[in-house]
$ cat my_file.txt   # compact mmCIF, C-alpha atoms and all ligand atoms
# COMPACT_ATOMS: atom_id res chain seq x y z
CA MET A 1 112.77 57.84 107.92
CA ALA A 2 109.74 56.49 106.09
CA GLY A 3 110.03 59.06 103.34
CA ILE A 4 108.90 62.48 102.27
CA LEU A 5 106.03 63.20 99.88
CA VAL A 6 106.31 66.54 98.08
CA PHE A 7 103.27 68.32 96.65
CA VAL A 8 104.33 69.64 93.25
CA GLU A 9 102.63 72.65 91.72
CA GLN A 10 102.37 73.32 88.00
CA ARG A 11 100.94 76.07 85.91
CA LYS A 12 100.03 75.14 82.35
CA SER A 13 102.12 71.98 82.81
CA GLU A 14 105.16 73.98 83.82
CA ILE A 15 106.52 72.96 87.21
CA ARG A 16 106.98 75.88 89.56
CA ASN A 17 110.47 76.59 90.80
CA ALA A 18 109.39 76.69 94.43
CA SER A 19 108.23 73.06 94.10
CA LEU A 20 111.57 72.01 92.63
CA GLN A 21 113.22 73.64 95.64
CA ALA A 22 110.96 71.65 98.00
CA LEU A 23 111.69 68.45 96.08
CA SER A 24 115.44 69.07 96.19
CA GLU A 25 115.32 69.78 99.93
CA ALA A 26 113.41 66.54 100.48
CA LYS A 27 116.13 64.71 98.57
CA ARG A 28 118.86 66.36 100.67
CA GLN A 29 117.17 65.00 103.81
CA GLY A 30 118.26 61.56 102.75
CA GLY A 31 115.25 59.18 102.72
CA ALA A 32 112.90 58.08 99.94
CA VAL A 33 111.23 60.94 98.09
CA SER A 34 107.94 60.81 96.28
CA ALA A 35 106.04 63.58 94.53
CA VAL A 36 102.34 64.17 93.95
CA LEU A 37 101.31 66.18 90.92
CA PRO A 38 97.68 67.05 90.12
CA GLY A 39 96.71 68.75 86.87
CA SER A 40 95.53 68.12 83.33
CA GLY A 41 97.77 67.03 80.45
CA ILE A 42 100.76 66.79 82.78
CA GLY A 43 102.31 63.47 81.71
CA GLU A 44 105.53 65.00 80.41
CA ALA A 45 105.93 67.32 83.37
CA ALA A 46 105.48 64.36 85.74
CA ALA A 47 108.12 62.27 83.99
CA GLY A 48 110.64 65.10 84.40
CA LEU A 49 110.37 65.10 88.20
CA GLY A 50 112.69 62.11 88.53
CA ALA A 51 115.55 64.38 87.55
CA TRP A 52 114.76 66.51 90.63
CA GLY A 53 114.96 63.72 93.15
CA ALA A 54 111.53 62.02 93.07
CA ASP A 55 111.78 58.23 93.24
CA LYS A 56 108.04 57.85 92.70
CA ILE A 57 105.66 60.36 91.15
CA TYR A 58 101.93 60.06 91.90
CA VAL A 59 100.00 61.71 89.11
CA ALA A 60 96.34 62.72 88.98
CA ASP A 61 95.76 63.79 85.37
CA ASP A 62 92.17 64.96 84.99
CA PRO A 63 90.51 67.94 83.24
CA ASN A 64 88.78 68.73 86.57
CA LEU A 65 92.22 69.34 88.06
CA ASP A 66 93.31 71.77 85.36
CA LEU A 67 92.79 74.73 87.71
CA TYR A 68 93.44 74.65 91.42
CA SER A 69 90.71 73.85 93.92
CA SER A 70 91.26 73.12 97.61
CA ASP A 71 88.82 70.21 97.51
CA GLY A 72 90.18 68.52 94.39
CA TYR A 73 93.87 68.97 95.13
CA ALA A 74 93.48 68.00 98.81
CA GLU A 75 91.76 64.79 97.76
CA VAL A 76 94.66 63.99 95.42
CA VAL A 77 97.28 64.62 98.10
CA VAL A 78 95.39 62.54 100.67
CA LYS A 79 95.15 59.68 98.14
CA ALA A 80 98.90 59.88 97.52
CA VAL A 81 99.49 59.83 101.29
CA GLU A 82 97.47 56.60 101.54
CA GLN A 83 99.73 55.00 98.95
CA ALA A 84 103.12 56.46 99.89
CA GLN A 85 102.63 56.40 103.70
CA PRO A 86 105.20 59.20 104.12
CA SER A 87 106.44 60.42 107.47
CA ALA A 88 106.43 64.02 106.15
CA ILE A 89 104.77 66.06 103.42
CA PHE A 90 106.50 69.15 102.02
CA PHE A 91 104.65 71.98 100.29
CA ALA A 92 106.18 75.07 98.69
CA GLY A 93 104.94 78.11 100.59
CA THR A 94 103.32 79.68 97.55
CA ALA A 95 99.76 81.00 97.63
CA MET A 96 98.59 77.53 96.59
CA GLY A 97 100.79 75.74 99.11
CA ARG A 98 99.67 78.03 101.91
CA ASP A 99 96.06 77.19 101.13
CA LEU A 100 96.53 73.48 100.54
CA ALA A 101 98.91 72.48 103.38
CA PRO A 102 96.47 73.31 106.21
CA THR A 103 93.56 71.85 104.23
CA VAL A 104 95.40 68.54 103.88
CA ALA A 105 96.50 68.73 107.52
CA ALA A 106 92.90 69.16 108.66
CA ARG A 107 91.78 66.20 106.56
CA LEU A 108 94.53 64.03 108.04
CA GLY A 109 93.96 65.31 111.57
CA VAL A 110 97.51 66.57 112.06
CA GLY A 111 99.15 69.98 112.50
CA ALA A 112 101.00 72.00 109.87
CA ILE A 113 104.05 74.21 110.18
CA PRO A 114 104.23 77.02 107.62
CA ASP A 115 107.07 79.14 106.29
CA ALA A 116 110.11 76.98 107.07
CA VAL A 117 113.46 78.63 106.42
CA GLY A 118 115.54 75.86 108.00
CA LEU A 119 114.98 72.15 108.59
CA GLU A 120 116.80 69.66 110.73
CA LEU A 121 115.93 66.02 111.06
CA ASP A 122 116.27 64.48 114.50
CA GLY A 123 115.49 60.79 114.09
CA GLU A 124 112.04 60.83 112.52
CA THR A 125 111.11 64.33 113.63
CA PHE A 126 111.74 67.63 111.88
CA SER A 127 112.87 70.68 113.75
CA VAL A 128 111.59 73.64 111.74
CA ARG A 129 113.03 77.14 111.89
CA ARG A 130 110.61 79.88 110.88
CA PRO A 131 110.40 83.66 111.18
CA VAL A 132 107.80 85.16 113.55
CA TYR A 133 106.66 88.66 114.53
CA SER A 134 107.02 89.96 110.97
CA GLY A 135 110.55 88.58 110.75
CA LYS A 136 111.77 90.22 113.96
CA ALA A 137 112.51 86.87 115.55
CA THR A 138 112.98 83.27 114.56
CA THR A 139 111.40 80.35 116.32
CA THR A 140 111.97 76.62 116.15
CA ALA A 141 108.99 74.31 116.17
CA ASP A 142 108.99 70.56 115.99
CA THR A 143 106.56 68.20 114.40
CA ALA A 144 106.64 65.49 117.10
CA GLY A 145 103.40 63.57 117.46
CA ASN A 146 102.20 64.28 113.93
CA THR A 147 102.20 61.59 111.28
CA PRO A 148 102.67 62.70 108.62
CA GLN A 149 104.46 65.92 109.51
CA ILE A 150 103.25 68.74 107.28
CA ILE A 151 105.66 71.54 106.51
CA SER A 152 105.60 74.31 103.94
CA LEU A 153 108.92 75.76 102.78
CA ARG A 154 109.44 79.45 102.12
CA PRO A 155 110.19 79.87 98.38
CA ASN A 156 113.74 80.74 97.30
CA VAL A 157 115.31 79.79 100.62
CA PHE A 158 116.16 76.19 99.72
CA ALA A 159 118.20 75.54 96.56
CA ALA A 160 116.79 73.59 93.61
CA GLU A 161 119.32 70.97 92.53
CA GLU A 162 118.99 68.43 89.79
CA SER A 163 119.90 64.89 90.79
CA ALA A 164 120.34 61.96 88.46
CA GLY A 165 117.47 59.52 88.33
CA ALA A 166 114.27 58.57 86.60
CA GLY A 167 111.28 58.41 88.89
CA GLU A 168 108.55 55.84 88.47
CA VAL A 169 105.26 57.47 87.45
CA VAL A 170 102.18 56.02 89.19
CA ALA A 171 98.65 57.06 88.17
CA LEU A 172 96.36 57.79 91.11
CA ASP A 173 93.06 56.04 90.48
CA GLY A 174 89.75 55.97 92.30
CA LEU A 175 89.42 59.70 92.89
CA SER A 176 85.88 60.99 93.35
CA LEU A 177 86.89 64.65 92.80
CA SER A 178 83.88 66.09 94.56
CA ILE A 179 84.85 69.71 94.09
CA ARG A 180 82.40 72.11 95.75
CA ALA A 181 83.95 75.43 94.68
CA VAL A 182 85.00 75.26 91.03
CA VAL A 183 87.45 77.79 89.61
CA LYS A 184 86.09 78.61 86.16
CA GLU A 185 88.84 80.72 84.70
CA LEU A 186 92.22 82.15 85.56
CA LEU A 187 92.84 85.66 84.29
CA GLU A 188 96.51 86.42 83.92
CA ALA A 189 98.05 89.84 84.27
CA GLU A 190 98.73 91.49 80.94
CA GLY A 191 102.20 91.36 79.45
CA GLY A 192 103.19 88.06 81.09
CA GLU A 193 105.00 89.84 83.91
CA LEU A 194 107.33 87.87 86.15
CA ASP A 195 105.70 87.16 89.53
CA VAL A 196 107.64 88.59 92.49
CA ALA A 197 107.09 85.33 94.38
CA GLU A 198 109.05 83.46 91.70
CA ALA A 199 111.68 86.05 90.81
CA ASP A 200 115.34 85.75 91.69
CA VAL A 201 115.81 89.52 91.39
CA ILE A 202 113.26 92.11 92.53
CA VAL A 203 113.37 95.87 92.19
CA ALA A 204 110.69 97.44 94.37
CA GLY A 205 109.39 100.97 94.47
CA GLY A 206 107.69 102.78 97.34
CA ARG A 207 106.08 106.13 98.07
CA GLY A 208 109.41 107.76 97.26
CA ILE A 209 108.88 107.21 93.56
CA LYS A 210 106.20 109.95 93.74
CA GLY A 211 103.70 108.67 91.19
CA PRO A 212 102.53 105.70 89.07
CA GLU A 213 104.37 106.89 85.96
CA ASN A 214 107.69 106.44 87.74
CA PHE A 215 107.24 102.69 88.03
CA ALA A 216 108.66 102.81 84.46
CA LEU A 217 111.98 103.76 86.05
CA ILE A 218 111.73 100.86 88.54
CA LYS A 219 110.85 98.55 85.64
CA SER A 220 113.83 99.73 83.59
CA LEU A 221 116.16 98.60 86.39
CA ALA A 222 114.21 95.36 86.89
CA ASP A 223 114.41 94.64 83.15
CA ALA A 224 118.14 95.38 83.04
CA LEU A 225 118.64 92.87 85.88
CA GLY A 226 116.16 90.33 84.46
CA GLY A 227 113.95 90.72 87.51
CA ALA A 228 110.42 91.51 88.64
CA VAL A 229 108.85 94.73 89.89
CA GLY A 230 107.82 94.84 93.55
CA ALA A 231 106.10 97.56 95.57
CA SER A 232 105.43 98.73 99.08
CA ARG A 233 101.90 98.91 100.38
CA ALA A 234 102.00 102.71 100.24
CA ALA A 235 102.50 102.53 96.47
CA VAL A 236 99.77 99.90 96.11
CA ASP A 237 97.30 101.77 98.34
CA ALA A 238 97.90 104.91 96.29
CA GLY A 239 96.71 102.94 93.25
CA TRP A 240 100.06 103.23 91.46
CA ILE A 241 100.46 99.48 90.90
CA GLU A 242 98.44 96.29 91.43
CA HIS A 243 98.39 94.45 94.72
CA SER A 244 99.98 91.38 93.08
CA HIS A 245 103.28 93.34 93.24
CA GLN A 246 103.04 94.13 96.96
CA VAL A 247 105.76 92.74 99.18
CA GLY A 248 105.23 92.44 102.91
CA GLN A 249 103.01 91.25 105.68
CA THR A 250 99.82 91.75 103.69
CA GLY A 251 101.53 91.16 100.35
CA LYS A 252 103.91 88.45 99.18
CA VAL A 253 106.83 86.99 101.08
CA VAL A 254 109.88 86.84 98.86
CA SER A 255 113.48 85.63 99.21
CA PRO A 256 115.25 86.58 95.98
CA SER A 257 119.02 86.60 95.49
CA LEU A 258 118.84 90.37 95.05
CA TYR A 259 116.22 92.82 96.39
CA VAL A 260 116.54 96.49 95.47
CA ALA A 261 114.30 98.78 97.54
CA ALA A 262 113.94 102.24 96.02
CA GLY A 263 112.09 104.98 97.88
CA ILE A 264 110.93 102.51 100.54
CA SER A 265 111.41 103.48 104.19
CA GLY A 266 111.63 99.92 105.57
CA ALA A 267 108.56 99.66 107.80
CA ILE A 268 108.41 96.41 109.77
CA GLN A 269 105.45 95.21 107.69
CA HIS A 270 107.51 95.63 104.50
CA LEU A 271 110.55 93.93 106.02
CA ALA A 272 108.34 90.96 106.96
CA GLY A 273 108.09 90.18 103.26
CA MET A 274 111.67 90.63 102.11
CA SER A 275 114.17 90.49 104.97
CA SER A 276 115.24 86.95 104.05
CA SER A 277 116.46 88.17 100.62
CA LYS A 278 120.07 87.17 100.10
CA VAL A 279 121.42 90.62 99.13
CA ILE A 280 119.47 93.80 99.87
CA VAL A 281 120.25 97.12 98.20
CA ALA A 282 118.47 100.23 99.47
CA ILE A 283 118.22 103.53 97.62
CA ASN A 284 116.83 106.28 99.84
CA LYS A 285 117.53 109.95 100.25
CA ASP A 286 117.07 109.78 104.03
CA PRO A 287 120.27 108.42 105.63
CA ASP A 288 118.23 107.47 108.74
CA ALA A 289 115.66 105.40 106.86
CA PRO A 290 115.20 102.07 108.72
CA ILE A 291 115.72 100.10 105.49
CA PHE A 292 119.46 100.83 105.79
CA LYS A 293 119.58 98.76 109.00
CA ILE A 294 119.00 95.57 107.05
CA ALA A 295 120.54 96.57 103.71
CA ASP A 296 123.80 94.96 102.58
CA TYR A 297 124.44 97.96 100.33
CA GLY A 298 122.95 101.37 100.90
CA ILE A 299 122.87 104.26 98.48
CA VAL A 300 121.92 107.56 100.11
CA GLY A 301 120.60 109.62 97.27
CA ASP A 302 117.69 110.65 95.12
CA LEU A 303 116.46 107.59 93.26
CA PHE A 304 115.75 109.69 90.17
CA ASP A 305 119.49 110.50 90.00
CA VAL A 306 120.74 107.10 91.11
CA ILE A 307 118.72 104.64 89.02
CA PRO A 308 119.32 105.89 85.41
CA PRO A 309 123.13 105.56 85.58
CA MET A 310 122.71 102.17 87.30
CA VAL A 311 120.59 100.98 84.36
CA ASP A 312 123.17 102.28 81.87
CA ALA A 313 126.04 100.63 83.74
CA ILE A 314 124.22 97.28 83.98
CA LYS A 315 123.34 97.40 80.28
CA ALA A 316 126.98 98.18 79.45
CA LEU A 317 128.05 95.07 81.39
C1 LIG B 1 98.54 95.65 109.27
C2 LIG B 1 99.50 96.33 108.31
C3 LIG B 1 99.98 95.61 107.24
C4 LIG B 1 100.87 96.20 106.36
N1 LIG B 1 101.37 95.46 105.30
C5 LIG B 1 102.30 96.01 104.51
C6 LIG B 1 102.88 95.26 103.45
O1 LIG B 1 102.53 94.10 103.18
N2 LIG B 1 103.84 95.85 102.71
C7 LIG B 1 104.26 97.13 102.94
O2 LIG B 1 105.15 97.60 102.20
N3 LIG B 1 103.70 97.87 103.91
C8 LIG B 1 102.73 97.35 104.69
N4 LIG B 1 102.14 98.12 105.64
C9 LIG B 1 102.41 99.57 105.64
C10 LIG B 1 103.72 99.96 106.29
O3 LIG B 1 103.51 100.16 107.67
C11 LIG B 1 104.25 101.27 105.68
O4 LIG B 1 103.27 102.27 105.82
C12 LIG B 1 104.63 101.17 104.21
O5 LIG B 1 105.48 100.04 104.01
C13 LIG B 1 105.35 102.43 103.79
O6 LIG B 1 105.63 102.38 102.44
P1 LIG B 1 106.85 103.19 101.83
O7 LIG B 1 108.11 102.74 102.48
O8 LIG B 1 106.76 103.09 100.36
O9 LIG B 1 106.48 104.69 102.20
P2 LIG B 1 107.12 105.68 103.25
O10 LIG B 1 107.21 105.06 104.60
O11 LIG B 1 106.41 106.96 103.09
O12 LIG B 1 108.62 105.85 102.74
C14 LIG B 1 108.99 106.50 101.56
C15 LIG B 1 110.50 106.56 101.56
O13 LIG B 1 110.94 107.10 100.33
C16 LIG B 1 112.06 107.93 100.58
N5 LIG B 1 112.14 108.87 99.46
C17 LIG B 1 111.29 109.89 99.15
N6 LIG B 1 111.67 110.48 98.01
C18 LIG B 1 112.79 109.84 97.59
C19 LIG B 1 113.64 110.00 96.46
N7 LIG B 1 113.40 110.91 95.53
N8 LIG B 1 114.71 109.18 96.36
C20 LIG B 1 114.98 108.24 97.30
N9 LIG B 1 114.18 108.04 98.38
C21 LIG B 1 113.11 108.83 98.52
C22 LIG B 1 111.77 108.59 101.92
O14 LIG B 1 112.97 109.01 102.54
C23 LIG B 1 111.09 107.45 102.67
O15 LIG B 1 112.04 106.69 103.41
C24 LIG B 1 101.26 97.55 106.54
C25 LIG B 1 100.75 98.26 107.63
C26 LIG B 1 99.89 97.66 108.49
C27 LIG B 1 99.37 98.44 109.67
$ encode --input "my_file.txt" --output "structure tokens"
Amino acid sequence: MAGILVFVEQRKSEIRNASLQALSEAKRQGGAVSAVLPGSGIGEAAAGLGAWGADKIYVADDPNLDLYSSDGYAEVVVKAVEQAQPSAIFFAGTAMGRDLAPTVAARLGVGAIPDAVGLELDGETFSVRRPVYSGKATTTADTAGNTPQIISLRPNVFAAEESAGAGEVVALDGLSLSIRAVVKELLEAEGGELDVAEADVIVAGGRGIKGPENFALIKSLADALGGAVGASRAAVDAGWIEHSHQVGQTGKVVSPSLYVAAGISGAIQHLAGMSSSKVIVAINKDPDAPIFKIADYGIVGDLFDVIPPMVDAIKAL
């Protein structure tokens, strides 16, 4: 095939894992792989992308691209498309990727398929497997008739793999960067907490934790496992924790290696955000809680009795 262009996302010059996964998956598909990286002061980050499978790296290094904007970043990707002439463009299905992929698709006059969890190449055309109906079913869509084919990949489903090689860095010139909505400032959550969308281990708490103070217990298990704290919507709606922690249909979609759900019943809207986790552990005192239907390991018990010895045992290991 003509090649895959991968949009690569960085934050403060640090490449996001989900983009490395998209890059690695592009490499595994066999053809030529190029990357496009917008940002400011990103020279070093760009040079490192060769080691993740990019043969060519299109870089737009400009202070106006320091923070994300749909207009600015879409212009950069479209410019890279003009140069690379790819047959497909991959985005990581992060918040940024979910905003940018359809924007770029609209500018190029093609369709976009979001949330891929499986990809198969048939000649020049991708067959894309993606969950639908809040994860209750899986559908396969194909990208026939679209050039380039635009696909976003669900984070943490595809493995990131280093591959030997030094990509050629190409500066993208001639950008007008007519950005209509300018992001002035990005305010980060206090304490530099790990984002659930990026985490490989998540411990999530629901209404069963009874109150905001008990997120400390959830956090103690998350810390022992080196993971992030997630939450159900019930916990978020009660004001116990910020929405940025919410997992589910109206929260974040995650696919960590390990997802521990404590005091969460397993409503379909919650499952929509976490059912593709590799190993699911549920702690719930109700043996009939729906979460046990999808859990790999279920602990029927009171989370206040179960979690403290778990933390001790993990620390002892
Ligand atoms: C349009 C829409 C979008 C939605 N989006 C989301 C979403 O993104 N994410 C989401 O999570 N929800 C979402 N919801 C809400 C969803 O339907 C559920 O209401 C919600 O997930 C329930 O949260 P919960 O499991 O924490 O609470 P509950 O359903 O009340 O479950 C609490 C669980 O804790 C257990 N429990 C209680 N005490 C203990 C204890 N001491 N030890 C162990 N277990 C205990 C109980 O047995 C129970 O199973 C959405 C709903 C709608 C309509």
$ residues_near_ligand --input "my_file.txt" --ligand "ligand LIG 1 (chain B)" --cutoff "6 Å" --atoms "only C-alpha atoms and all ligand atoms" --output "number ranges by chain"
A: 206-208, 232-235, 247-251, 263-267, 269-270, 283-286, 289, 301-304
$ closest_residue --input "my_file.txt" --among "A:Gly39, A:Leu217, A:Pro155, A:Leu317" --to "Asp61 (chain A)" --atoms "all atoms listed in the file"
A:Gly39
$ residues_around --input "my_file.txt" --residues "Pro38 (chain A)" --least-positions-apart "5" --cutoff "10 Å" --atoms "all atoms listed in the file" --output "count of residues only"
24
$ atom_distance --input "my_file.txt" --atom1 "CA of Leu194 (chain A)" --atom2 "CA of Ala228 (chain A)"
5.4 Å
$ atom_distance --input "my_file.txt" --atom1 "CA of Gly230 (chain A)" --atom2 "CA of Leu153 (chain A)"
21.2 Å
$ residues_around --input "my_file.txt" --residues "Asp122 (chain A)" --least-positions-apart "4" --cutoff "12 Å" --atoms "only C-alpha atoms" --output "ChimeraX atom specification"
/A:1,29,126-128,142-144
$ axis_aligned_box --input "my_file.txt" --around "region 134-152 of chain A" --padding-each-side "3 Å" --output "AutoDock Vina command-line options"
--center_x 107.6 --center_y 75.9 --center_z 110.7 --size_x 16.8 --size_y 34.6 --size_z 19.5
$ atom_distance --input "my_file.txt" --atom1 "CA of Ala106 (chain A)" --atom2 "CA of Ala88 (chain A)"
14.7 Å
$ closest_residue --input "my_file.txt" --among "A:Leu23, A:Ile294, A:Ile150, A:Val281" --to "Ala204 (chain A)" --atoms "only C-alpha atoms"
A:Val281
$ closest_residue --input "my_file.txt" --among "A:Asp99, A:Asp237, A:Glu242, A:Asp200" --to "Val279 (chain A)" --atoms "all atoms listed in the file"
A:Asp200
$ closest_residue --input "my_file.txt" --among "A:Val311, A:Ala216, A:Ala26, A:Ile57" --to "Leu121 (chain A)" --atoms "all atoms listed in the file"
A:Ala26
$ residues_around --input "my_file.txt" --residues "Gly165 (chain A)" --least-positions-apart "6" --cutoff "7 Å" --atoms "all atoms listed in the file" --output "PDB file with C-alpha atoms, keeping the file's coordinate frame"
ATOM      1  CA  GLY A  50     112.690  62.110  88.530  1.00  0.00           C
ATOM      2  CA  ALA A  51     115.550  64.380  87.550  1.00  0.00           C
ATOM      3  CA  GLY A  53     114.960  63.720  93.150  1.00  0.00           C
TER       4      GLY A  53
END
$ closest_residue --input "my_file.txt" --among "A:Glu198, A:Glu185, A:Asp288, A:Glu120" --to "Gly93 (chain A)" --atoms "only C-alpha atoms"
A:Glu198
$ residues_around --input "my_file.txt" --residues "Thr140 (chain A)" --least-positions-apart "4" --cutoff "12 Å" --atoms "all atoms listed in the file" --output "list in words"
Ile113, Pro114, Asp115, Ala116, Val117, Gly118, Leu119, Glu120, Phe126, Ser127, Val128, Arg129, Arg130, Pro131 and Val132 of chain A
$ closest_residue --input "my_file.txt" --among "A:Ser244, A:Ser275, A:Ser220, A:Ser163" --to "Glu25 (chain A)" --atoms "only C-alpha atoms"
A:Ser163
$ residues_around --input "my_file.txt" --residues "region 15-17 of chain A" --least-positions-apart "2" --cutoff "12 Å" --atoms "all atoms listed in the file" --output "NGL selection string"
:A and (7-13 or 19-24 or 35-39 or 42-49 or 52 or 91-97 or 154-162 or 195 or 197-200)
$ write_last_selection --input "my_file.txt" --atoms "C-alpha atoms" --output "CSV table (one decimal), in the coordinates of the input"
chain,number,residue,atom,x,y,z
A,7,PHE,CA,103.3,68.3,96.6
A,8,VAL,CA,104.3,69.6,93.2
A,9,GLU,CA,102.6,72.6,91.7
A,10,GLN,CA,102.4,73.3,88.0
A,11,ARG,CA,100.9,76.1,85.9
A,12,LYS,CA,100.0,75.1,82.4
A,13,SER,CA,102.1,72.0,82.8
A,19,SER,CA,108.2,73.1,94.1
A,20,LEU,CA,111.6,72.0,92.6
A,21,GLN,CA,113.2,73.6,95.6
A,22,ALA,CA,111.0,71.6,98.0
A,23,LEU,CA,111.7,68.4,96.1
A,24,SER,CA,115.4,69.1,96.2
A,35,ALA,CA,106.0,63.6,94.5
A,36,VAL,CA,102.3,64.2,94.0
A,37,LEU,CA,101.3,66.2,90.9
A,38,PRO,CA,97.7,67.0,90.1
A,39,GLY,CA,96.7,68.8,86.9
A,42,ILE,CA,100.8,66.8,82.8
A,43,GLY,CA,102.3,63.5,81.7
A,44,GLU,CA,105.5,65.0,80.4
A,45,ALA,CA,105.9,67.3,83.4
A,46,ALA,CA,105.5,64.4,85.7
A,47,ALA,CA,108.1,62.3,84.0
A,48,GLY,CA,110.6,65.1,84.4
A,49,LEU,CA,110.4,65.1,88.2
A,52,TRP,CA,114.8,66.5,90.6
A,91,PHE,CA,104.6,72.0,100.3
A,92,ALA,CA,106.2,75.1,98.7
A,93,GLY,CA,104.9,78.1,100.6
A,94,THR,CA,103.3,79.7,97.6
A,95,ALA,CA,99.8,81.0,97.6
A,96,MET,CA,98.6,77.5,96.6
A,97,GLY,CA,100.8,75.7,99.1
A,154,ARG,CA,109.4,79.4,102.1
A,155,PRO,CA,110.2,79.9,98.4
A,156,ASN,CA,113.7,80.7,97.3
A,157,VAL,CA,115.3,79.8,100.6
A,158,PHE,CA,116.2,76.2,99.7
A,159,ALA,CA,118.2,75.5,96.6
A,160,ALA,CA,116.8,73.6,93.6
A,161,GLU,CA,119.3,71.0,92.5
A,162,GLU,CA,119.0,68.4,89.8
A,195,ASP,CA,105.7,87.2,89.5
A,197,ALA,CA,107.1,85.3,94.4
A,198,GLU,CA,109.0,83.5,91.7
A,199,ALA,CA,111.7,86.0,90.8
A,200,ASP,CA,115.3,85.8,91.7
